[in-house]
>>> print(open('work_9.csv').read())   # CSV, C-alpha atoms
chain,number,residue,atom,x,y,z
A,246,LEU,CA,78.2,122.6,167.8
A,247,PRO,CA,79.5,126.1,166.9
A,248,GLU,CA,77.2,128.5,165.2
A,249,VAL,CA,77.6,128.7,161.5
A,250,HIS,CA,74.9,131.2,160.7
A,251,LYS,CA,76.1,134.7,159.9
A,252,GLU,CA,74.0,137.8,160.5
A,253,ALA,CA,75.4,139.6,157.5
A,254,PRO,CA,74.4,138.2,154.1
A,255,ALA,CA,77.1,136.9,151.9
A,256,ASP,CA,78.4,139.3,149.2
A,257,ALA,CA,79.7,136.6,146.9
A,258,PRO,CA,79.6,132.9,146.7
A,259,GLY,CA,82.5,131.3,148.6
A,260,ASP,CA,84.7,128.3,147.8
A,261,LEU,CA,83.0,124.9,148.2
A,262,GLU,CA,84.6,122.6,150.7
A,263,GLY,CA,84.6,118.9,151.4
A,264,ARG,CA,82.5,116.6,149.2
A,265,ASN,CA,81.0,119.7,147.4
A,266,ALA,CA,84.4,121.1,146.4
A,267,ILE,CA,85.2,121.3,142.7
A,268,ASN,CA,88.3,119.2,142.0
A,269,GLU,CA,89.9,121.1,139.1
A,270,SER,CA,93.5,120.8,138.2
A,271,SER,CA,95.6,123.7,136.9
A,272,GLN,CA,95.4,122.2,133.4
A,273,LYS,CA,91.6,122.0,133.4
A,274,LEU,CA,91.4,125.6,134.8
A,275,LEU,CA,93.6,126.9,132.0
A,276,ALA,CA,91.8,124.9,129.4
A,277,ARG,CA,88.5,126.4,130.5
A,278,LYS,CA,90.0,129.9,130.2
A,279,LEU,CA,91.4,129.1,126.7
A,280,LYS,CA,87.9,128.3,125.4
A,281,SER,CA,87.0,132.0,125.5
A,282,GLU,CA,90.0,133.0,123.4
A,283,SER,CA,89.1,134.0,119.9
A,284,TRP,CA,92.2,132.7,118.2
A,285,ILE,CA,91.8,129.1,119.6
A,286,GLU,CA,89.5,126.4,118.2
A,287,PRO,CA,87.6,125.4,121.3
A,288,ARG,CA,86.7,122.0,120.0
A,289,SER,CA,90.4,121.1,119.6
A,290,ILE,CA,91.2,121.6,123.3
A,291,LYS,CA,92.2,118.4,125.0
A,292,VAL,CA,93.5,118.0,128.5
A,293,ILE,CA,95.8,115.0,128.9
A,294,ASP,CA,96.3,114.7,132.6
A,295,ARG,CA,96.8,111.0,133.1
A,296,THR,CA,100.4,111.1,131.9
A,297,VAL,CA,103.8,111.7,133.6
A,298,ILE,CA,103.7,115.2,132.3
A,299,PRO,CA,100.2,116.6,132.0
A,300,VAL,CA,99.6,118.6,128.8
A,301,ILE,CA,97.0,120.7,127.1
A,302,LYS,CA,96.7,120.2,123.3
A,303,PHE,CA,94.9,122.6,121.0
A,304,SER,CA,95.0,124.2,117.6
A,305,THR,CA,94.5,127.7,116.2
A,306,LYS,CA,91.5,128.9,114.2
A,307,ASP,CA,93.4,129.6,111.0
A,308,ALA,CA,92.9,127.8,107.7
A,309,ARG,CA,93.8,124.1,107.7
A,310,SER,CA,97.1,124.7,106.0
A,311,ARG,CA,98.0,127.4,108.4
A,312,SER,CA,96.6,125.9,111.6
A,313,LEU,CA,99.1,125.4,114.4
A,314,GLN,CA,99.1,122.5,116.7
A,315,LEU,CA,100.2,123.7,120.2
A,316,ASP,CA,101.0,122.0,123.5
A,317,ILE,CA,101.2,123.5,126.9
A,318,SER,CA,102.8,121.8,129.9
A,319,PHE,CA,103.5,122.9,133.4
A,320,ASP,CA,106.8,122.9,135.1
A,321,SER,CA,106.9,120.1,137.7
A,322,ARG,CA,109.2,117.4,139.1
A,323,GLY,CA,110.4,115.3,136.2
A,324,HIS,CA,109.7,118.0,133.6
A,325,HIS,CA,112.7,118.4,131.4
A,326,GLY,CA,111.3,120.6,128.6
A,327,MET,CA,114.0,123.2,128.6
A,328,ASP,CA,116.8,120.7,128.9
A,329,SER,CA,115.2,118.7,125.9
A,330,ALA,CA,115.0,121.9,123.9
A,331,ASN,CA,118.7,122.6,124.5
A,332,MET,CA,119.5,119.0,123.6
A,333,MET,CA,117.6,119.3,120.3
A,334,LYS,CA,119.3,122.6,119.5
A,335,VAL,CA,122.8,121.0,119.9
A,336,THR,CA,121.7,117.9,117.9
A,337,MET,CA,120.4,120.0,115.0
A,338,GLU,CA,123.7,121.9,115.0
A,339,THR,CA,125.5,118.6,114.7
A,340,PHE,CA,123.1,117.1,112.2
A,341,PRO,CA,121.5,119.9,110.2
A,342,MET,CA,119.6,117.5,108.0
A,343,ILE,CA,117.6,116.2,111.0
A,344,ARG,CA,115.2,119.1,110.8
A,345,PRO,CA,113.6,118.4,107.4
A,346,ILE,CA,113.6,114.7,108.0
A,347,VAL,CA,111.8,115.0,111.4
A,348,LEU,CA,109.3,117.6,110.0
A,349,VAL,CA,108.3,115.3,107.1
A,350,ILE,CA,108.0,112.2,109.2
A,351,LYS,CA,106.0,114.2,111.9
A,352,GLN,CA,103.5,115.4,109.2
A,353,PHE,CA,103.3,111.9,107.8
A,354,LEU,CA,102.5,110.4,111.3
A,355,LEU,CA,100.1,113.2,112.0
A,356,ASP,CA,98.1,112.4,108.9
A,357,LYS,CA,98.0,108.7,110.0
A,358,GLY,CA,97.0,109.6,113.5
A,359,LEU,CA,100.2,108.1,115.0
A,360,LEU,CA,101.9,111.2,116.4
A,361,THR,CA,100.5,111.1,119.9
A,362,ALA,CA,102.0,108.9,122.6
A,363,TYR,CA,98.9,108.8,124.8
A,364,THR,CA,97.0,107.0,121.9
A,365,GLY,CA,99.9,104.6,121.3
A,366,GLY,CA,101.8,106.4,118.6
A,367,LEU,CA,105.2,108.1,118.8
A,368,SER,CA,105.8,111.3,120.6
A,369,SER,CA,107.7,114.1,118.9
A,370,HIS,CA,110.6,113.6,121.4
A,371,CYS,CA,110.7,109.9,120.8
A,372,LEU,CA,110.7,110.4,117.0
A,373,PHE,CA,113.5,112.9,117.2
A,374,LEU,CA,115.6,110.5,119.2
A,375,MET,CA,115.0,107.7,116.7
A,376,VAL,CA,116.0,109.8,113.8
A,377,THR,CA,119.0,111.0,115.7
A,378,ARG,CA,120.2,107.5,116.3
A,379,TYR,CA,119.8,106.6,112.7
A,380,LEU,CA,121.9,109.6,111.6
A,381,GLN,CA,124.6,108.7,114.1
A,382,GLU,CA,125.2,105.5,112.0
A,383,GLN,CA,125.4,107.2,108.6
A,384,ASN,CA,128.5,108.2,106.6
A,385,LEU,CA,129.4,111.9,106.5
A,386,ALA,CA,129.4,111.8,102.7
A,387,CYS,CA,125.7,111.0,102.7
A,388,TRP,CA,124.6,114.0,104.8
A,389,ALA,CA,124.0,116.3,101.8
A,390,ASP,CA,121.4,113.9,100.3
A,391,VAL,CA,118.5,114.4,102.7
A,392,GLY,CA,116.1,112.4,100.4
A,393,SER,CA,118.2,109.3,100.7
A,394,LEU,CA,118.5,109.7,104.4
A,395,LEU,CA,114.7,110.0,104.7
A,396,MET,CA,114.2,106.9,102.6
A,397,GLY,CA,116.9,105.0,104.6
A,398,CYS,CA,115.3,106.0,107.9
A,399,LEU,CA,111.8,104.8,106.8
A,400,ASP,CA,113.3,101.6,105.4
A,401,PHE,CA,115.3,100.8,108.6
A,402,TYR,CA,112.5,101.5,111.1
A,403,GLY,CA,109.8,100.1,108.9
A,404,ASN,CA,111.5,96.9,107.6
A,405,VAL,CA,114.6,96.1,109.7
A,406,PHE,CA,114.3,97.4,113.2
A,407,ASP,CA,112.7,95.0,115.8
A,408,PRO,CA,111.5,96.9,118.8
A,409,ARG,CA,110.9,93.7,120.8
A,410,MET,CA,114.6,92.8,120.8
A,411,VAL,CA,116.5,96.1,120.4
A,412,GLY,CA,116.5,99.3,122.4
A,413,ILE,CA,117.8,102.8,121.4
A,414,THR,CA,120.0,105.3,123.1
A,415,VAL,CA,121.7,108.4,121.6
A,416,SER,CA,123.9,108.9,124.7
A,417,ASN,CA,127.7,108.5,124.3
A,418,ALA,CA,127.6,108.6,120.5
A,419,GLY,CA,124.6,106.3,120.5
A,420,GLN,CA,124.1,102.5,120.4
A,421,TYR,CA,121.5,99.8,119.7
A,422,PHE,CA,121.3,97.4,122.6
A,423,ARG,CA,119.5,94.1,123.2
A,424,ARG,CA,116.3,94.4,125.3
A,425,PRO,CA,116.8,92.9,128.8
A,426,HIS,CA,113.7,90.8,128.5
A,427,TYR,CA,114.7,89.2,125.2
A,428,GLN,CA,118.5,88.9,125.5
A,429,GLN,CA,118.2,85.3,126.8
A,430,ARG,CA,115.9,84.1,124.0
A,431,PRO,CA,117.3,81.0,122.3
A,432,SER,CA,116.3,82.2,118.9
A,433,TYR,CA,118.4,85.4,119.2
A,434,GLN,CA,121.8,85.0,117.7
A,435,HIS,CA,124.2,88.0,118.3
A,436,ASP,CA,126.5,87.3,115.3
A,437,SER,CA,123.8,86.8,112.7
A,438,PHE,CA,121.8,89.8,114.0
A,439,ASN,CA,124.9,92.0,113.5
A,440,ASN,CA,125.7,90.6,110.1
A,441,GLU,CA,122.2,91.4,108.8
A,442,LEU,CA,122.3,95.0,110.0
A,443,SER,CA,125.9,95.5,109.0
A,444,ARG,CA,125.0,94.5,105.4
A,445,ARG,CA,122.2,97.0,105.0
A,446,HIS,CA,123.2,99.8,107.4
A,447,SER,CA,126.9,99.4,108.2
A,448,PHE,CA,126.4,98.8,111.9
A,449,GLN,CA,129.5,97.7,113.8
A,450,ASP,CA,129.7,94.8,116.2
A,451,HIS,CA,130.2,97.1,119.1
A,452,ASP,CA,127.0,99.1,118.4
A,453,VAL,CA,124.7,96.3,119.4
A,454,VAL,CA,125.6,95.3,123.0
A,455,ALA,CA,123.8,93.7,125.9
A,456,MET,CA,122.7,96.4,128.3
A,457,SER,CA,122.4,94.4,131.5
A,458,SER,CA,122.2,97.6,133.6
A,459,SER,CA,118.8,98.6,132.0
A,460,PRO,CA,115.9,98.3,134.4
A,461,SER,CA,114.0,95.0,133.9
A,462,THR,CA,110.7,96.9,134.5
A,463,PHE,CA,111.0,98.1,130.9
A,464,GLY,CA,111.2,94.6,129.6
A,465,PHE,CA,107.5,94.5,128.5
A,466,ASP,CA,107.4,98.0,127.0
A,467,PRO,CA,106.5,97.9,123.3
A,468,LEU,CA,109.4,100.2,122.5
A,469,TYR,CA,112.6,101.3,124.4
A,470,VAL,CA,114.1,104.7,123.6
A,471,GLU,CA,116.2,106.0,126.4
A,472,ASP,CA,115.8,109.7,127.3
A,473,PRO,CA,119.3,111.3,127.2
A,474,ILE,CA,118.1,114.0,129.6
A,475,SER,CA,116.8,111.5,132.2
A,476,LEU,CA,118.8,108.3,131.9
A,477,GLY,CA,116.6,105.3,132.6
A,478,ASN,CA,113.4,107.0,131.5
A,479,ASN,CA,111.9,105.2,128.5
A,480,VAL,CA,110.1,107.7,126.2
A,481,GLY,CA,108.7,104.9,124.1
A,482,ARG,CA,106.9,103.0,126.9
A,483,ASN,CA,103.4,104.2,125.8
A,484,SER,CA,103.9,103.4,122.1
A,485,PHE,CA,101.7,100.3,122.0
A,486,ARG,CA,100.9,101.0,118.3
A,487,ILE,CA,104.5,100.7,117.3
A,488,ASN,CA,103.6,97.9,114.9
A,489,GLN,CA,101.2,100.2,113.1
A,490,VAL,CA,103.9,102.9,113.0
A,491,GLN,CA,106.4,100.4,111.4
A,492,ARG,CA,103.8,99.3,108.8
A,493,ALA,CA,103.2,103.0,107.9
A,494,PHE,CA,107.0,103.5,107.6
A,495,SER,CA,107.3,100.4,105.4
A,496,ASP,CA,104.4,101.5,103.2
A,497,ALA,CA,105.9,105.0,102.9
A,498,HIS,CA,109.2,103.6,101.8
A,499,ARG,CA,107.6,101.4,99.3
A,500,ALA,CA,105.6,104.3,97.9
A,501,LEU,CA,108.7,106.4,97.5
A,502,VAL,CA,110.6,103.6,95.8
A,503,ALA,CA,107.7,103.0,93.4
A,504,THR,CA,107.6,106.7,92.5
A,505,LEU,CA,111.3,106.7,91.8
A,506,GLU,CA,111.0,103.7,89.6
A,507,TRP,CA,108.2,105.3,87.7
A,508,ASP,CA,110.4,108.3,87.1
A,509,MET,CA,113.3,106.2,86.0
A,510,ASN,CA,111.1,104.4,83.5
A,511,GLY,CA,110.6,107.7,81.6
A,512,SER,CA,107.5,109.1,83.2
A,513,ASP,CA,107.5,112.9,83.8
A,514,LEU,CA,106.5,113.5,87.4
A,515,HIS,CA,106.3,117.2,86.9
A,516,ASP,CA,103.5,117.2,84.2
A,517,ASP,CA,100.8,117.9,86.8
A,518,GLY,CA,102.6,121.0,88.2
A,519,ILE,CA,103.5,119.4,91.5
A,520,LYS,CA,106.7,121.0,92.9
A,521,PHE,CA,107.8,118.1,95.0
A,522,PRO,CA,106.3,114.9,93.6
A,523,LEU,CA,108.1,112.6,95.9
A,524,LEU,CA,106.9,114.4,99.0
A,525,LYS,CA,103.4,114.5,97.5
A,526,SER,CA,103.4,110.7,97.3
A,527,LEU,CA,104.3,110.6,101.0
A,528,LEU,CA,102.1,113.5,102.1
A,529,PRO,CA,99.1,113.4,99.7
A,530,ASN,CA,96.9,115.5,102.1
A,531,SER,CA,99.3,118.3,102.7
A,532,ASP,CA,98.6,121.5,100.9
A,533,ASN,CA,102.1,122.9,101.4
A,534,VAL,CA,103.9,120.3,99.3
>>> encode(input="work_9.csv", output="structure tokens")
Amino acid sequence: LPEVHKEAPADAPGDLEGRNAINESSQKLLARKLKSESWIEPRSIKVIDRTVIPVIKFSTKDARSRSLQLDISFDSRGHHGMDSANMMKVTMETFPMIRPIVLVIKQFLLDKGLLTAYTGGLSSHCLFLMVTRYLQEQNLACWADVGSLLMGCLDFYGNVFDPRMVGITVSNAGQYFRRPHYQQRPSYQHDSFNNELSRRHSFQDHDVVAMSSSPSTFGFDPLYVEDPISLGNNVGRNSFRINQVQRAFSDAHRALVATLEWDMNGSDLHDDGIKFPLLKSLLPNSDNV
């Protein structure tokens, strides 16, 4: 065997090799460095590395109402962060009302613990696409009434939309399509399904179509929302708590309707000094409402 002993003493510890090596990813290395930053809450740092795109999540040390929730991801194969940002920018120019709607729903889901995909909730990107698809169906005359659009969105995804049978895509003006795994179910009737949705949300017959080209591997995913940046990628595949999300949307819509009915019956919602009483009924824990 070759000699491994060196006559000169080591000046500094070297890198461990073999079984003694420290297996630390770039995300974990950066997370360890961030813990020493004074503006970051160290207990909030989480490394999510068992996902398609690993991410570091953390929040700032400001007061609760001013604390920022931040994510850091690394550029890699399959990372379309910049493309997604450009897509969102174009979408917000087309649908200016999407910004307040998404912000309110994001805060609502955050309060419910349903805004993280790796725990079964909705990702921000998935939520943005779902709201975009809903707005693609609406009449231009309704765009100025953001409150009605918010309530309609909560009502649709909370009380009408069936993620087991219908998928979502915003590409090519958007469409709802039948999930491949469920399109042959005997209980599914194409005409009656369209009639129900047309009555409440003015869907056209051509909007719900069979998407036979969709990969069958997504048939058992709890939610199918196609990524317009990477066609065939399902951004809702990890949302195994979609039923909880829908119940939360349904409860939120019911709370808003009850608040409106209370106001219509002559009660003054502004007696307690709340600036936005309807939003306060939706976001009771938010200090900014």
>>> closest_residue(input="work_9.csv", among="A:Gln383, A:Thr361, A:Gly481, A:Phe373", to="A:Gly412", atoms="only C-alpha atoms")
A:Gly481
>>> residues_around(input="work_9.csv", residues="A:Gln489", least_positions_apart="3", cutoff="12 Å", atoms="all atoms listed in the file", output="PDB file with C-alpha atoms, in the frame of the given file")
ATOM      1  CA  LEU A 354     102.500 110.400 111.300  1.00  0.00           C
ATOM      2  CA  LYS A 357      98.000 108.700 110.000  1.00  0.00           C
ATOM      3  CA  GLY A 358      97.000 109.600 113.500  1.00  0.00           C
ATOM      4  CA  LEU A 359     100.200 108.100 115.000  1.00  0.00           C
ATOM      5  CA  LEU A 360     101.900 111.200 116.400  1.00  0.00           C
ATOM      6  CA  THR A 364      97.000 107.000 121.900  1.00  0.00           C
ATOM      7  CA  GLY A 365      99.900 104.600 121.300  1.00  0.00           C
ATOM      8  CA  GLY A 366     101.800 106.400 118.600  1.00  0.00           C
ATOM      9  CA  LEU A 367     105.200 108.100 118.800  1.00  0.00           C
ATOM     10  CA  TYR A 402     112.500 101.500 111.100  1.00  0.00           C
ATOM     11  CA  GLY A 403     109.800 100.100 108.900  1.00  0.00           C
ATOM     12  CA  PRO A 467     106.500  97.900 123.300  1.00  0.00           C
ATOM     13  CA  SER A 484     103.900 103.400 122.100  1.00  0.00           C
ATOM     14  CA  PHE A 485     101.700 100.300 122.000  1.00  0.00           C
ATOM     15  CA  ARG A 486     100.900 101.000 118.300  1.00  0.00           C
ATOM     16  CA  ARG A 492     103.800  99.300 108.800  1.00  0.00           C
ATOM     17  CA  ALA A 493     103.200 103.000 107.900  1.00  0.00           C
ATOM     18  CA  PHE A 494     107.000 103.500 107.600  1.00  0.00           C
ATOM     19  CA  SER A 495     107.300 100.400 105.400  1.00  0.00           C
ATOM     20  CA  ASP A 496     104.400 101.500 103.200  1.00  0.00           C
TER      21      ASP A 496
END
>>> closest_residue(input="work_9.csv", among="A:Val376, A:Arg423, A:His370, A:His498", to="A:Val480", atoms="all atoms listed in the file")
A:His370
>>> atom_distance(input="work_9.csv", atom1="atom CA of A:Phe406", atom2="atom CA of A:Val470")
12.7 Å
>>> atom_distance(input="work_9.csv", atom1="atom CA of A:Val292", atom2="atom CA of A:Leu476")
27.3 Å
>>> closest_residue(input="work_9.csv", among="A:Leu523, A:Leu275, A:Ile474, A:Ile290", to="A:Met332", atoms="only C-alpha atoms")
A:Ile474
>>> atom_distance(input="work_9.csv", atom1="atom CA of A:Leu399", atom2="atom CA of A:Met375")
10.8 Å
>>> residues_around(input="work_9.csv", residues="A:Leu527", least_positions_apart="5", cutoff="8 Å", atoms="all atoms listed in the file", output="list in words")
Phe353, Ala497, Ala500 and Leu501 of chain A
>>> residues_around(input="work_9.csv", residues="A:Pro299", least_positions_apart="3", cutoff="10 Å", atoms="all atoms listed in the file", output="mmCIF file with C-alpha atoms, in the coordinates of the input")
data_model
loop_
_atom_site.group_PDB
_atom_site.id
_atom_site.type_symbol
_atom_site.label_atom_id
_atom_site.label_comp_id
_atom_site.auth_asym_id
_atom_site.auth_seq_id
_atom_site.Cartn_x
_atom_site.Cartn_y
_atom_site.Cartn_z
ATOM 1 C CA SER A 271 95.600 123.700 136.900
ATOM 2 C CA GLN A 272 95.400 122.200 133.400
ATOM 3 C CA VAL A 292 93.500 118.000 128.500
ATOM 4 C CA ILE A 293 95.800 115.000 128.900
ATOM 5 C CA ASP A 294 96.300 114.700 132.600
ATOM 6 C CA ARG A 295 96.800 111.000 133.100
ATOM 7 C CA THR A 296 100.400 111.100 131.900
ATOM 8 C CA ILE A 317 101.200 123.500 126.900
ATOM 9 C CA SER A 318 102.800 121.800 129.900
ATOM 10 C CA PHE A 319 103.500 122.900 133.400
ATOM 11 C CA ASP A 320 106.800 122.900 135.100
ATOM 12 C CA SER A 321 106.900 120.100 137.700
ATOM 13 C CA HIS A 324 109.700 118.000 133.600
#
>>> decode(input="work_9.csv", residues="stretch 269-331 of chain A", atoms="C-alpha atoms", output="tab-separated table (two decimals), in the first residue's frame")
chain	number	residue	atom	x	y	z
A	269	GLU	CA	-24.83	18.38	2.00
A	270	SER	CA	-26.82	19.75	-0.90
A	271	SER	CA	-26.57	23.32	-2.13
A	272	GLN	CA	-29.94	24.05	-0.52
A	273	LYS	CA	-28.84	22.78	2.89
A	274	LEU	CA	-25.56	24.67	2.64
A	275	LEU	CA	-27.35	27.94	1.89
A	276	ALA	CA	-29.92	27.28	4.62
A	277	ARG	CA	-27.11	26.84	7.15
A	278	LYS	CA	-25.60	30.15	6.04
A	279	LEU	CA	-28.97	31.92	6.27
A	280	LYS	CA	-29.38	30.99	9.94
A	281	SER	CA	-26.67	33.49	10.82
A	282	GLU	CA	-28.45	36.39	9.09
A	283	SER	CA	-29.97	38.87	11.56
A	284	TRP	CA	-33.02	39.68	9.39
A	285	ILE	CA	-34.16	36.05	9.07
A	286	GLU	CA	-36.14	34.08	11.63
A	287	PRO	CA	-33.93	30.98	11.96
A	288	ARG	CA	-36.75	28.73	13.20
A	289	SER	CA	-38.74	29.44	10.04
A	290	ILE	CA	-36.10	28.03	7.67
A	291	LYS	CA	-37.25	24.86	5.93
A	292	VAL	CA	-35.46	22.97	3.18
A	293	ILE	CA	-37.85	21.14	0.87
A	294	ASP	CA	-35.51	18.94	-1.18
A	295	ARG	CA	-37.74	15.97	-2.00
A	296	THR	CA	-39.66	17.81	-4.70
A	297	VAL	CA	-39.17	18.32	-8.42
A	298	ILE	CA	-37.79	21.80	-7.73
A	299	PRO	CA	-36.05	21.94	-4.31
A	300	VAL	CA	-36.82	25.13	-2.39
A	301	ILE	CA	-35.83	26.93	0.79
A	302	LYS	CA	-38.70	28.56	2.69
A	303	PHE	CA	-38.22	31.16	5.43
A	304	SER	CA	-39.69	34.35	6.84
A	305	THR	CA	-38.26	37.66	8.04
A	306	LYS	CA	-38.00	38.80	11.67
A	307	ASP	CA	-40.43	41.71	11.38
A	308	ALA	CA	-43.73	41.99	13.21
A	309	ARG	CA	-46.37	39.42	12.29
A	310	SER	CA	-48.28	41.82	10.05
A	311	ARG	CA	-45.10	42.83	8.23
A	312	SER	CA	-43.29	39.49	8.12
A	313	LEU	CA	-42.48	38.30	4.61
A	314	GLN	CA	-42.69	34.69	3.49
A	315	LEU	CA	-39.86	34.03	1.03
A	316	ASP	CA	-38.85	31.08	-1.15
A	317	ILE	CA	-35.49	30.44	-2.77
A	318	SER	CA	-35.04	27.93	-5.58
A	319	PHE	CA	-32.02	27.03	-7.69
A	320	ASP	CA	-31.90	27.07	-11.46
A	321	SER	CA	-31.93	23.51	-12.77
A	322	ARG	CA	-33.36	21.32	-15.48
A	323	GLY	CA	-37.13	21.67	-15.41
A	324	HIS	CA	-37.01	24.98	-13.55
A	325	HIS	CA	-39.26	27.49	-15.32
A	326	GLY	CA	-39.37	30.24	-12.71
A	327	MET	CA	-38.56	33.12	-15.05
A	328	ASP	CA	-40.91	31.83	-17.74
A	329	SER	CA	-43.69	31.50	-15.15
A	330	ALA	CA	-43.06	35.05	-13.93
A	331	ASN	CA	-43.36	36.37	-17.47
